[in-house]
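*Asks:* Input file: data.csv. Contents: CSV, C-alpha atoms.
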chain,number,residue,atom,x,y,z
Y,1,MET,CA,-176.2,-47.1,-45.8
Y,2,LEU,CA,-173.2,-49.3,-46.3
Y,3,GLU,CA,-170.1,-48.2,-48.1
Y,4,THR,CA,-167.3,-50.2,-49.7
Y,5,GLY,CA,-164.9,-49.1,-47.0
Y,6,ASP,CA,-167.0,-51.1,-44.5
Y,7,ALA,CA,-165.6,-54.4,-45.8
Y,8,THR,CA,-163.0,-55.0,-43.1
Y,9,GLU,CA,-165.4,-54.3,-40.2
Y,10,ILE,CA,-168.1,-56.5,-41.7
Y,11,ALA,CA,-165.7,-59.4,-42.1
Y,12,ALA,CA,-164.5,-59.0,-38.6
Y,13,ARG,CA,-168.1,-58.9,-37.1
Y,14,PHE,CA,-168.9,-62.2,-38.8
Y,15,SER,CA,-165.4,-63.7,-38.6
Y,16,LEU,CA,-165.2,-64.2,-42.3
Y,17,GLY,CA,-161.5,-63.7,-42.9
Y,18,GLU,CA,-158.9,-61.1,-44.0
Y,19,ALA,CA,-158.3,-59.0,-47.1
Y,20,ALA,CA,-162.0,-58.1,-47.3
Y,21,THR,CA,-163.5,-56.1,-50.2
Y,22,LEU,CA,-167.1,-55.1,-50.6
Y,23,SER,CA,-168.9,-54.5,-53.9
Y,24,GLY,CA,-172.4,-53.5,-54.8
Y,25,PRO,CA,-175.1,-53.3,-54.1
Y,26,VAL,CA,-175.4,-56.3,-56.4
Y,27,ALA,CA,-179.2,-56.8,-55.9
Y,28,ARG,CA,-182.1,-54.8,-54.5
Y,29,GLY,CA,-185.5,-55.8,-53.3
Y,30,GLU,CA,-188.4,-54.0,-51.7
Y,31,VAL,CA,-187.1,-54.2,-48.2
Y,32,GLY,CA,-183.4,-54.2,-48.6
Y,33,GLN,CA,-180.3,-54.8,-50.8
Y,34,VAL,CA,-177.5,-57.3,-51.1
Y,35,TRP,CA,-173.7,-56.6,-51.2
Y,36,ARG,CA,-170.9,-59.0,-52.2
Y,37,LEU,CA,-168.2,-59.5,-49.7
Y,38,SER,CA,-164.9,-61.2,-50.8
Y,39,THR,CA,-162.3,-62.2,-48.2
Y,40,SER,CA,-159.4,-64.7,-47.8
Y,41,ARG,CA,-162.1,-67.3,-46.9
Y,42,GLY,CA,-164.2,-66.9,-50.0
Y,43,THR,CA,-167.3,-64.9,-51.1
Y,44,PHE,CA,-170.3,-64.0,-49.0
Y,45,ALA,CA,-173.6,-62.2,-49.4
Y,46,VAL,CA,-174.3,-59.3,-46.9
Y,47,LYS,CA,-177.9,-58.2,-46.6
Y,48,GLU,CA,-178.7,-54.6,-45.6
Y,49,PRO,CA,-182.3,-53.8,-44.8
Y,50,PHE,CA,-183.5,-50.2,-45.6
Y,51,GLU,CA,-184.6,-50.0,-41.9
Y,52,PRO,CA,-183.9,-52.3,-39.0
Y,53,ILE,CA,-186.2,-55.2,-38.4
Y,54,PRO,CA,-187.2,-56.2,-34.8
Y,55,PRO,CA,-184.4,-58.4,-33.5
Y,56,ASP,CA,-186.8,-61.3,-32.5
Y,57,GLU,CA,-188.1,-61.4,-36.1
Y,58,VAL,CA,-184.6,-61.5,-37.5
Y,59,ARG,CA,-183.6,-64.4,-35.2
Y,60,GLU,CA,-186.7,-66.4,-36.2
Y,61,HIS,CA,-186.0,-65.7,-39.9
Y,62,ALA,CA,-182.5,-67.1,-39.4
Y,63,ASP,CA,-183.6,-70.1,-37.3
Y,64,TYR,CA,-186.2,-71.0,-40.0
Y,65,GLN,CA,-183.7,-70.7,-42.9
Y,66,GLU,CA,-181.1,-72.7,-40.9
Y,67,ALA,CA,-183.7,-75.5,-40.3
Y,68,ALA,CA,-184.4,-75.5,-44.0
Y,69,HIS,CA,-180.7,-75.7,-44.9
Y,70,ALA,CA,-180.0,-78.4,-42.4
Y,71,ALA,CA,-182.9,-80.5,-43.9
Y,72,GLY,CA,-181.3,-80.4,-47.3
Y,73,ILE,CA,-183.5,-77.7,-48.8
Y,74,PRO,CA,-181.5,-75.6,-51.3
Y,75,ALA,CA,-181.2,-72.4,-49.4
Y,76,PRO,CA,-178.1,-70.2,-48.7
Y,77,ALA,CA,-176.4,-71.1,-45.3
Y,78,VAL,CA,-176.9,-68.5,-42.6
Y,79,LEU,CA,-173.6,-67.1,-41.2
Y,80,ARG,CA,-173.9,-65.8,-37.7
Y,81,ALA,CA,-172.0,-62.9,-36.1
Y,82,GLY,CA,-169.1,-63.5,-33.8
Y,83,ASP,CA,-171.3,-63.4,-30.7
Y,84,GLY,CA,-173.6,-66.0,-32.2
Y,85,ASP,CA,-176.5,-63.7,-33.0
Y,86,ALA,CA,-178.3,-63.7,-36.4
Y,87,PHE,CA,-177.2,-60.1,-37.2
Y,88,ALA,CA,-174.6,-57.5,-36.4
Y,89,GLU,CA,-175.0,-53.7,-36.3
Y,90,LEU,CA,-172.6,-51.3,-37.9
Y,91,ALA,CA,-173.1,-47.6,-37.4
Y,92,GLY,CA,-176.8,-48.2,-36.9
Y,93,VAL,CA,-177.1,-50.5,-39.9
Y,94,GLN,CA,-178.4,-54.0,-39.2
Y,95,LEU,CA,-176.5,-56.6,-41.3
Y,96,ARG,CA,-176.9,-60.3,-42.0
Y,97,ALA,CA,-174.5,-62.6,-43.8
Y,98,PHE,CA,-175.0,-65.7,-45.9
Y,99,GLU,CA,-173.3,-68.2,-48.1
Y,100,TRP,CA,-172.8,-66.8,-51.6
Y,101,VAL,CA,-174.8,-68.6,-54.3
Y,102,ASP,CA,-174.4,-67.7,-58.0
Y,103,LEU,CA,-178.0,-67.2,-59.2
Y,104,LEU,CA,-179.6,-66.7,-62.6
Y,105,GLU,CA,-182.3,-64.3,-63.5
Y,106,ARG,CA,-185.9,-64.8,-62.5
Y,107,ASP,CA,-187.7,-67.4,-64.6
Y,108,ALA,CA,-191.0,-69.0,-63.6
Y,109,ASN,CA,-190.5,-71.6,-66.5
Y,110,VAL,CA,-188.4,-73.9,-64.3
Y,111,ASP,CA,-189.1,-77.6,-63.8
Y,112,PRO,CA,-192.5,-77.7,-62.1
Y,113,ALA,CA,-191.9,-81.1,-60.5
Y,114,GLN,CA,-188.6,-79.8,-58.9
Y,115,VAL,CA,-190.5,-76.8,-57.5
Y,116,GLY,CA,-193.2,-79.1,-56.1
Y,117,ARG,CA,-190.7,-81.3,-54.3
Y,118,ILE,CA,-188.9,-78.3,-52.8
Y,119,VAL,CA,-192.1,-76.7,-51.5
Y,120,ALA,CA,-193.2,-80.1,-50.0
Y,121,SER,CA,-189.8,-80.2,-48.2
Y,122,ILE,CA,-190.4,-76.7,-46.8
Y,123,HIS,CA,-193.9,-77.6,-45.7
Y,124,ARG,CA,-192.6,-80.8,-44.0
Y,125,LEU,CA,-190.1,-78.9,-41.8
Y,126,ASP,CA,-190.4,-79.6,-38.1
Y,127,PHE,CA,-190.2,-75.9,-37.1
Y,128,ARG,CA,-192.5,-74.2,-34.6
Y,129,GLY,CA,-192.2,-70.4,-35.1
Y,130,ARG,CA,-193.9,-67.6,-33.3
Y,131,LEU,CA,-194.2,-65.0,-36.0
Y,132,PRO,CA,-198.0,-64.5,-36.5
Y,133,THR,CA,-200.2,-64.4,-39.5
Y,134,ASP,CA,-200.1,-61.1,-41.4
Y,135,PRO,CA,-202.9,-59.2,-43.1
Y,136,TRP,CA,-200.8,-58.9,-46.3
Y,137,TYR,CA,-201.4,-62.7,-46.8
Y,138,THR,CA,-204.9,-63.1,-45.3
Y,139,ASP,CA,-207.0,-59.9,-45.7
Y,140,ALA,CA,-208.9,-58.5,-48.7
Y,141,VAL,CA,-208.1,-55.1,-50.1
Y,142,GLY,CA,-211.9,-54.4,-50.1
Y,143,SER,CA,-214.3,-52.9,-52.6
Y,144,ASP,CA,-214.2,-49.5,-50.9
Y,145,ARG,CA,-210.5,-49.1,-51.2
Y,146,TRP,CA,-210.4,-50.4,-54.8
Y,147,ASP,CA,-213.1,-47.8,-55.7
Y,148,ALA,CA,-211.3,-45.0,-53.9
Y,149,LEU,CA,-208.0,-45.9,-55.7
Y,150,LEU,CA,-209.7,-46.1,-59.1
Y,151,ASP,CA,-211.4,-42.7,-58.6
Y,152,ALA,CA,-208.1,-41.1,-57.7
Y,153,LEU,CA,-206.3,-42.8,-60.6
Y,154,HIS,CA,-208.8,-41.5,-63.1
Y,155,ALA,CA,-208.7,-38.0,-61.6
Y,156,ASN,CA,-204.9,-38.0,-61.9
Y,157,GLY,CA,-204.7,-39.3,-65.4
Y,158,ALA,CA,-203.1,-42.6,-64.7
Y,159,PRO,CA,-202.3,-44.3,-68.0
Y,160,PHE,CA,-203.5,-47.7,-66.6
Y,161,ALA,CA,-206.7,-46.5,-64.9
Y,162,GLU,CA,-209.0,-47.7,-67.7
Y,163,ARG,CA,-207.6,-51.2,-67.8
Y,164,LEU,CA,-207.6,-51.5,-64.1
Y,165,SER,CA,-211.2,-50.3,-63.9
Y,166,GLY,CA,-212.1,-53.2,-66.2
Y,167,MET,CA,-210.7,-55.6,-63.6
Y,168,ARG,CA,-212.5,-54.0,-60.7
Y,169,ASP,CA,-215.5,-56.4,-60.5
Y,170,GLU,CA,-213.2,-59.5,-60.9
Y,171,LEU,CA,-210.9,-58.3,-58.2
Y,172,VAL,CA,-213.8,-57.8,-55.8
Y,173,ALA,CA,-215.4,-61.2,-56.8
Y,174,LEU,CA,-212.0,-62.9,-56.1
Y,175,GLU,CA,-211.9,-61.4,-52.6
Y,176,ALA,CA,-215.3,-62.9,-51.9
Y,177,LEU,CA,-213.8,-66.4,-52.3
Y,178,MET,CA,-211.2,-65.8,-49.6
Y,179,GLU,CA,-211.2,-68.0,-46.5
Y,180,GLU,CA,-209.4,-67.8,-43.2
Y,181,PRO,CA,-206.2,-69.9,-43.0
Y,182,HIS,CA,-206.8,-73.1,-40.9
Y,183,GLU,CA,-203.8,-75.4,-40.7
Y,184,LEU,CA,-201.3,-72.9,-39.5
Y,185,GLN,CA,-197.5,-73.5,-39.5
Y,186,THR,CA,-194.5,-71.4,-40.3
Y,187,CYS,CA,-194.3,-70.9,-44.1
Y,188,HIS,CA,-191.9,-69.0,-46.4
Y,189,ARG,CA,-194.8,-66.8,-47.6
Y,190,ASP,CA,-192.9,-65.3,-50.5
Y,191,LEU,CA,-192.4,-68.3,-52.9
Y,192,TRP,CA,-192.7,-66.2,-56.1
Y,193,ALA,CA,-190.3,-66.9,-59.0
Y,194,ASP,CA,-188.1,-64.0,-57.7
Y,195,ASN,CA,-187.2,-66.2,-54.8
Y,196,VAL,CA,-187.0,-69.6,-56.3
Y,197,LEU,CA,-184.1,-69.2,-58.7
Y,198,ARG,CA,-181.9,-71.3,-60.9
Y,199,THR,CA,-178.2,-71.5,-59.9
Y,200,THR,CA,-175.3,-71.5,-62.3
Y,201,ALA,CA,-174.4,-74.9,-60.9
Y,202,GLY,CA,-177.8,-76.3,-61.8
Y,203,GLY,CA,-180.8,-76.9,-59.7
Y,204,LEU,CA,-182.8,-74.3,-57.8
Y,205,CYS,CA,-182.2,-72.2,-54.7
Y,206,VAL,CA,-184.8,-70.6,-52.4
Y,207,ILE,CA,-183.8,-67.2,-51.1
Y,208,ASP,CA,-185.3,-64.3,-49.1
Y,209,TRP,CA,-186.8,-66.1,-46.0
Y,210,GLU,CA,-187.4,-62.7,-44.2
Y,211,ASN,CA,-191.2,-62.8,-44.8
Y,212,CYS,CA,-191.7,-66.1,-43.0
Y,213,GLY,CA,-194.5,-66.6,-40.5
Y,214,LEU,CA,-197.6,-68.5,-39.8
Y,215,ALA,CA,-199.7,-69.4,-42.8
Y,216,ASP,CA,-201.7,-72.3,-44.3
Y,217,PRO,CA,-199.5,-74.5,-46.4
Y,218,SER,CA,-202.4,-75.3,-48.7
Y,219,GLN,CA,-202.8,-71.6,-49.5
Y,220,GLU,CA,-199.1,-71.2,-50.1
Y,221,LEU,CA,-199.2,-74.2,-52.4
Y,222,ALA,CA,-201.9,-72.6,-54.4
Y,223,LEU,CA,-199.8,-69.5,-54.8
Y,224,VAL,CA,-197.0,-71.6,-56.1
Y,225,LEU,CA,-199.3,-73.4,-58.6
Y,226,PHE,CA,-200.4,-70.1,-60.0
Y,227,GLU,CA,-196.9,-68.7,-60.3
Y,228,PHE,CA,-195.1,-71.7,-61.7
Y,229,GLY,CA,-198.1,-73.3,-63.5
Y,230,LEU,CA,-197.9,-70.4,-66.1
Y,231,GLY,CA,-201.5,-71.1,-67.1
Y,232,ASP,CA,-200.6,-74.6,-68.3
Y,233,PRO,CA,-202.6,-77.4,-66.7
Y,234,HIS,CA,-199.9,-79.9,-67.5
Y,235,ARG,CA,-197.3,-77.9,-65.5
Y,236,ALA,CA,-199.7,-77.4,-62.7
Y,237,ARG,CA,-200.5,-81.1,-62.5
Y,238,ALA,CA,-196.8,-82.1,-62.6
Y,239,LEU,CA,-196.1,-79.6,-59.8
Y,240,TYR,CA,-199.0,-80.8,-57.6
Y,241,GLN,CA,-198.3,-84.5,-58.2
Y,242,ALA,CA,-194.6,-84.1,-57.3
Y,243,TYR,CA,-195.6,-82.2,-54.1
Y,244,LEU,CA,-198.0,-84.9,-53.0
Y,245,GLU,CA,-195.5,-87.7,-53.8
Y,246,ALA,CA,-192.9,-85.8,-51.7
Y,247,GLY,CA,-195.2,-85.8,-48.7
Y,248,GLY,CA,-196.4,-82.2,-48.8
Y,249,PRO,CA,-199.3,-81.7,-46.4
Y,250,GLY,CA,-201.2,-79.0,-48.4
Y,251,ARG,CA,-204.2,-79.9,-50.5
Y,252,ILE,CA,-205.9,-77.9,-53.3
Y,253,ASP,CA,-209.6,-78.8,-53.4
Y,254,ARG,CA,-211.7,-75.6,-53.6
Y,255,ARG,CA,-211.5,-71.9,-54.7
Y,256,GLY,CA,-210.8,-70.8,-51.1
Y,257,SER,CA,-207.4,-72.6,-51.3
Y,258,PHE,CA,-206.3,-69.6,-53.4
Y,259,SER,CA,-206.9,-67.1,-50.6
Y,260,MET,CA,-203.2,-66.2,-50.0
Y,261,VAL,CA,-202.5,-65.5,-53.7
Y,262,ILE,CA,-205.7,-63.5,-54.0
Y,263,ALA,CA,-204.7,-61.4,-50.9
Y,264,GLN,CA,-201.0,-60.9,-51.9
Y,265,LEU,CA,-201.7,-60.0,-55.5
Y,266,GLY,CA,-204.4,-57.6,-54.4
Y,267,HIS,CA,-202.2,-55.8,-51.9
Y,268,ILE,CA,-199.3,-55.7,-54.4
Y,269,GLY,CA,-201.6,-54.1,-57.0
Y,270,ALA,CA,-203.2,-51.7,-54.6
Y,271,ASP,CA,-199.9,-50.7,-53.1
Y,272,ALA,CA,-198.4,-49.9,-56.5
Y,273,CYS,CA,-201.5,-47.7,-57.3
Y,274,ALA,CA,-201.2,-45.9,-54.0
Y,275,ARG,CA,-197.5,-45.2,-54.5
Y,276,TRP,CA,-198.1,-44.0,-58.1
Y,277,LEU,CA,-200.6,-41.5,-56.8
Y,278,ASP,CA,-198.3,-40.3,-54.1
Y,279,PRO,CA,-194.7,-41.2,-54.9
Y,280,GLY,CA,-193.3,-39.1,-52.2
Y,281,GLY,CA,-195.8,-39.9,-49.5
Y,282,SER,CA,-196.9,-42.8,-47.2
Y,283,GLU,CA,-199.9,-45.1,-47.4
Y,284,THR,CA,-201.0,-45.8,-43.9
Y,285,GLU,CA,-202.5,-49.2,-44.7
Y,286,ARG,CA,-199.4,-50.3,-46.5
Y,287,ASP,CA,-197.3,-53.2,-45.2
Y,288,ARG,CA,-194.6,-51.7,-43.1
Y,289,HIS,CA,-191.8,-53.3,-45.2
Y,290,GLU,CA,-193.1,-51.5,-48.3
Y,291,ALA,CA,-193.2,-48.2,-46.4
Y,292,ARG,CA,-189.6,-48.8,-45.3
Y,293,ALA,CA,-188.5,-49.3,-48.9
Y,294,GLU,CA,-190.2,-46.1,-50.0
Y,295,GLN,CA,-188.5,-44.1,-47.2
Y,296,PHE,CA,-185.2,-45.3,-48.5
Y,297,ILE,CA,-186.1,-44.4,-52.1
Y,298,ARG,CA,-187.0,-40.9,-51.0
Y,299,TRP,CA,-183.7,-40.6,-49.1
Y,300,LEU,CA,-181.6,-41.9,-52.0
Y,301,HIS,CA,-183.3,-40.0,-54.8
Y,302,PRO,CA,-184.9,-36.9,-53.3
Y,303,GLY,CA,-187.3,-35.1,-55.7
Y,304,GLU,CA,-187.3,-37.9,-58.3
Y,305,SER,CA,-191.1,-38.5,-58.1
Y,306,ASP,CA,-191.3,-39.1,-61.8
Y,307,THR,CA,-188.8,-42.0,-61.6
Y,308,GLU,CA,-190.8,-43.5,-58.7
Y,309,ARG,CA,-194.0,-43.2,-60.7
Y,310,GLU,CA,-192.4,-45.0,-63.6
Y,311,ARG,CA,-191.4,-47.8,-61.3
Y,312,GLN,CA,-194.9,-48.1,-59.9
Y,313,GLU,CA,-196.4,-48.0,-63.3
Y,314,ALA,CA,-194.3,-51.0,-64.3
Y,315,ARG,CA,-195.6,-52.8,-61.2
Y,316,VAL,CA,-199.2,-52.1,-62.1
Y,317,GLU,CA,-198.5,-53.2,-65.7
Y,318,GLU,CA,-197.2,-56.5,-64.4
Y,319,PHE,CA,-200.3,-56.8,-62.2
Y,320,VAL,CA,-202.8,-56.3,-65.1
Y,321,LYS,CA,-200.8,-58.3,-67.7
Y,322,LEU,CA,-201.2,-61.8,-66.1
Y,323,PRO,CA,-204.1,-61.4,-63.7
Y,324,LEU,CA,-205.5,-64.0,-61.4
Y,325,THR,CA,-209.2,-64.6,-62.3
Y,326,ARG,CA,-211.9,-67.0,-61.1
Y,327,GLU,CA,-211.5,-68.8,-64.5
Y,328,ALA,CA,-207.8,-69.2,-63.9
Y,329,ILE,CA,-208.5,-70.7,-60.5
Y,330,ASP,CA,-211.0,-73.1,-61.9
Y,331,ARG,CA,-208.5,-74.3,-64.5
Y,332,LEU,CA,-205.9,-74.9,-61.8
Y,333,LEU,CA,-208.5,-76.8,-59.7
Y,334,ALA,CA,-209.4,-78.9,-62.7
Y,335,ALA,CA,-205.8,-79.7,-63.3
Y,336,THR,CA,-205.0,-80.7,-59.8
Y,337,THR,CA,-208.2,-82.7,-59.1
Y,338,SER,CA,-208.3,-84.7,-62.3
What does this structure look like when you write it as structure tokens?

*Replies:*
Amino acid sequence: MLETGDATEIAARFSLGEAATLSGPVARGEVGQVWRLSTSRGTFAVKEPFEPIPPDEVREHADYQEAAHAAGIPAPAVLRAGDGDAFAELAGVQLRAFEWVDLLERDANVDPAQVGRIVASIHRLDFRGRLPTDPWYTDAVGSDRWDALLDALHANGAPFAERLSGMRDELVALEALMEEPHELQTCHRDLWADNVLRTTAGGLCVIDWENCGLADPSQELALVLFEFGLGDPHRARALYQAYLEAGGPGRIDRRGSFSMVIAQLGHIGADACARWLDPGGSETERDRHEARAEQFIRWLHPGESDTERERQEARVEEFVKLPLTREAIDRLLAATTS
């Protein structure tokens, strides 16, 4: 883990100037955290993953973000190490550096037309990546796993078990709608409101490109419609129309278009349940990035299983509060096809 005393070495590795100071972490996600580096040249963001990511993946993440930035998409500029690589290693810690952008808190209630235009620009990028599709975005959780999780949650007295049980049939019915992605291209794959943020200077900025890989742009567009539509058909229609007018290639024309958001929300909910049940353990089917985050939590806060359970309970509460349903999908379809 980084320390504030690493500032000078980090600045040297990325040729970012003198008189370096490091503060933070100033932000934390599921797979890593961000530090603020200030030097004679300005202010920069330094990302520290909880565990190293394969170098080829890091390089493609950087190439994709650079392509987006060069195309005028509002994304932080990638800063390369002195040897030209996308990352540098410091005492076994894999680091990346970026332009600093002053961001506001998460808010899905942003201008939907602006979101639509940005997503269209991302989908129009001429970028041919090699990172493959991922089960997190394409596969169902499955009725057997949902049933096993619910049985365990009831047996362990989970406070949300009853409400989640009431969603069980809808969750399984949603997964029956899922289709394989067809028109594959490199996509961001994490365009939730956490990663499309307002800036203090005005406008929006797209961050966290580290989950990019092959996906169907139509399915990613459907995720964006659900997240930023906020259940309002007028917002959804404005976003979709702006996306089409900006030349976005995706199309929303059937329930199967929502396969990615069904898969992601299902895995997020199932993962939170599994981690609530075993806050100090490891779920073998979990996405490897989630497992890395959990390993870091156990290292940083040994024995604090109650704290981890509280965190996972909050994740489940968010999952059940604004659920995706077949009715919600049909409303979005009506809004975008009218």

*Asks:* Skip Glu170 of chain Y itself and residues of its chain fewer than 3 positions away, then list as a count of residues only all residues within 10 Å of it, counting only C-alpha atoms.

*Replies:* 11

*Asks:* Would you please work out which residue, of Y:Ala77, Y:Val110, Y:Val46, Y:Val261, is nearest to Pro217 of chain Y when using only C-alpha atoms?

*Replies:*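 Selected residue with least distance to Pro217 of chain Y: Y:Val261.
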
*Asks:* Using all atoms listed in the file, find the one residue out of Y:Ala193, Y:Ile118, Y:Val320, Y:Ala108 that sits nearest to Arg235 of chain Y.

*Replies:*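 Residue with the minimum atom-to-atom distance to Arg235 of chain Y: Y:Ala108.
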
*Asks:* Residues of segment 154-257 of chain Y that have any atom at most 12 Å from an atom of segment 69-72 of chain Y: could you tabulate them with the shortest-distance atom pair and the distance in Å to one decimal, using all atoms listed in the file, ordered by chain and increasing number, as a tab-separated table?

*Replies:*
residue	atom	partner	partner_atom	distance
Y:Cys205	CA	Y:His69	CA	10.5
Y:Val206	CA	Y:His69	CA	10.0
Y:Ile207	CA	Y:His69	CA	11.0
Y:Trp209	CA	Y:His69	CA	11.4

*Asks:* Can you tell me how far atom CA of Leu171 of chain Y sits from atom CA of Met260 of chain Y, in Å to one decimal?

*Replies:* 13.7 Å

*Asks:* Which residue gives the smallest distance to Lys321 of chain Y among Y:Val172, Y:Leu164, Y:Ala88, Y:Val93, with all atoms listed in the file counted?

*Replies:*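 Under the stated criterion, the closest residue is Y:Leu164.
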
*Asks:* Restricting the calculation to all atoms listed in the file: of Y:Leu244, Y:Asp102, Y:Gly142, Y:Glu9, which residue gets closest to Gly202 of chain Y?

*Replies:* Y:Asp102

*Asks:* Using all atoms listed in the file and a cutoff of 12 Å, can you tell me which residues are near (-159.7, -56.7, -43.0) in the file's coordinates, and write them out as a PDB file with C-alpha atoms, in the frame of the given file?

*Replies:*
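File selection-v5.pdb, as written:
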ATOM      1  CA  GLY Y   5    -164.900 -49.100 -47.000  1.00  0.00           C
ATOM      2  CA  ASP Y   6    -167.000 -51.100 -44.500  1.00  0.00           C
ATOM      3  CA  ALA Y   7    -165.600 -54.400 -45.800  1.00  0.00           C
ATOM      4  CA  THR Y   8    -163.000 -55.000 -43.100  1.00  0.00           C
ATOM      5  CA  GLU Y   9    -165.400 -54.300 -40.200  1.00  0.00           C
ATOM      6  CA  ILE Y  10    -168.100 -56.500 -41.700  1.00  0.00           C
ATOM      7  CA  ALA Y  11    -165.700 -59.400 -42.100  1.00  0.00           C
ATOM      8  CA  ALA Y  12    -164.500 -59.000 -38.600  1.00  0.00           C
ATOM      9  CA  ARG Y  13    -168.100 -58.900 -37.100  1.00  0.00           C
ATOM     10  CA  PHE Y  14    -168.900 -62.200 -38.800  1.00  0.00           C
ATOM     11  CA  SER Y  15    -165.400 -63.700 -38.600  1.00  0.00           C
ATOM     12  CA  LEU Y  16    -165.200 -64.200 -42.300  1.00  0.00           C
ATOM     13  CA  GLY Y  17    -161.500 -63.700 -42.900  1.00  0.00           C
ATOM     14  CA  GLU Y  18    -158.900 -61.100 -44.000  1.00  0.00           C
ATOM     15  CA  ALA Y  19    -158.300 -59.000 -47.100  1.00  0.00           C
ATOM     16  CA  ALA Y  20    -162.000 -58.100 -47.300  1.00  0.00           C
ATOM     17  CA  THR Y  21    -163.500 -56.100 -50.200  1.00  0.00           C
ATOM     18  CA  LEU Y  22    -167.100 -55.100 -50.600  1.00  0.00           C
ATOM     19  CA  LEU Y  37    -168.200 -59.500 -49.700  1.00  0.00           C
ATOM     20  CA  SER Y  38    -164.900 -61.200 -50.800  1.00  0.00           C
ATOM     21  CA  THR Y  39    -162.300 -62.200 -48.200  1.00  0.00           C
ATOM     22  CA  SER Y  40    -159.400 -64.700 -47.800  1.00  0.00           C
ATOM     23  CA  ARG Y  41    -162.100 -67.300 -46.900  1.00  0.00           C
TER      24      ARG Y  41
END

*Asks:* If you measure from atom CA of Tyr64 of chain Y to atom CA of Gln264 of chain Y, what distance in Å do you get, rounded to one decimal?

*Replies:*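 For atom CA of Tyr64 of chain Y relative to atom CA of Gln264 of chain Y, the distance reads 21.5 Å.
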
*Asks:* Measuring between all atoms listed in the file, which one of Y:Ala334, Y:Gly42, Y:Arg36, Y:Ala272 shows the shortest distance to Arg254 of chain Y?

*Replies:*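 Of all the options, Y:Ala334 lies closest to Arg254 of chain Y.
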
*Asks:* What is the distance, in Å and to one decimal place, between atom CA of Asp63 of chain Y and atom CA of Ile252 of chain Y?

*Replies:* 28.5 Å

*Asks:* Tell me which of Y:Glu183, Y:Asp278, Y:Asp232, Y:Asp147 sits closest to Asp216 of chain Y, counting all atoms listed in the file.

*Replies:*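 Distance minimum relative to Asp216 of chain Y lands on Y:Glu183.
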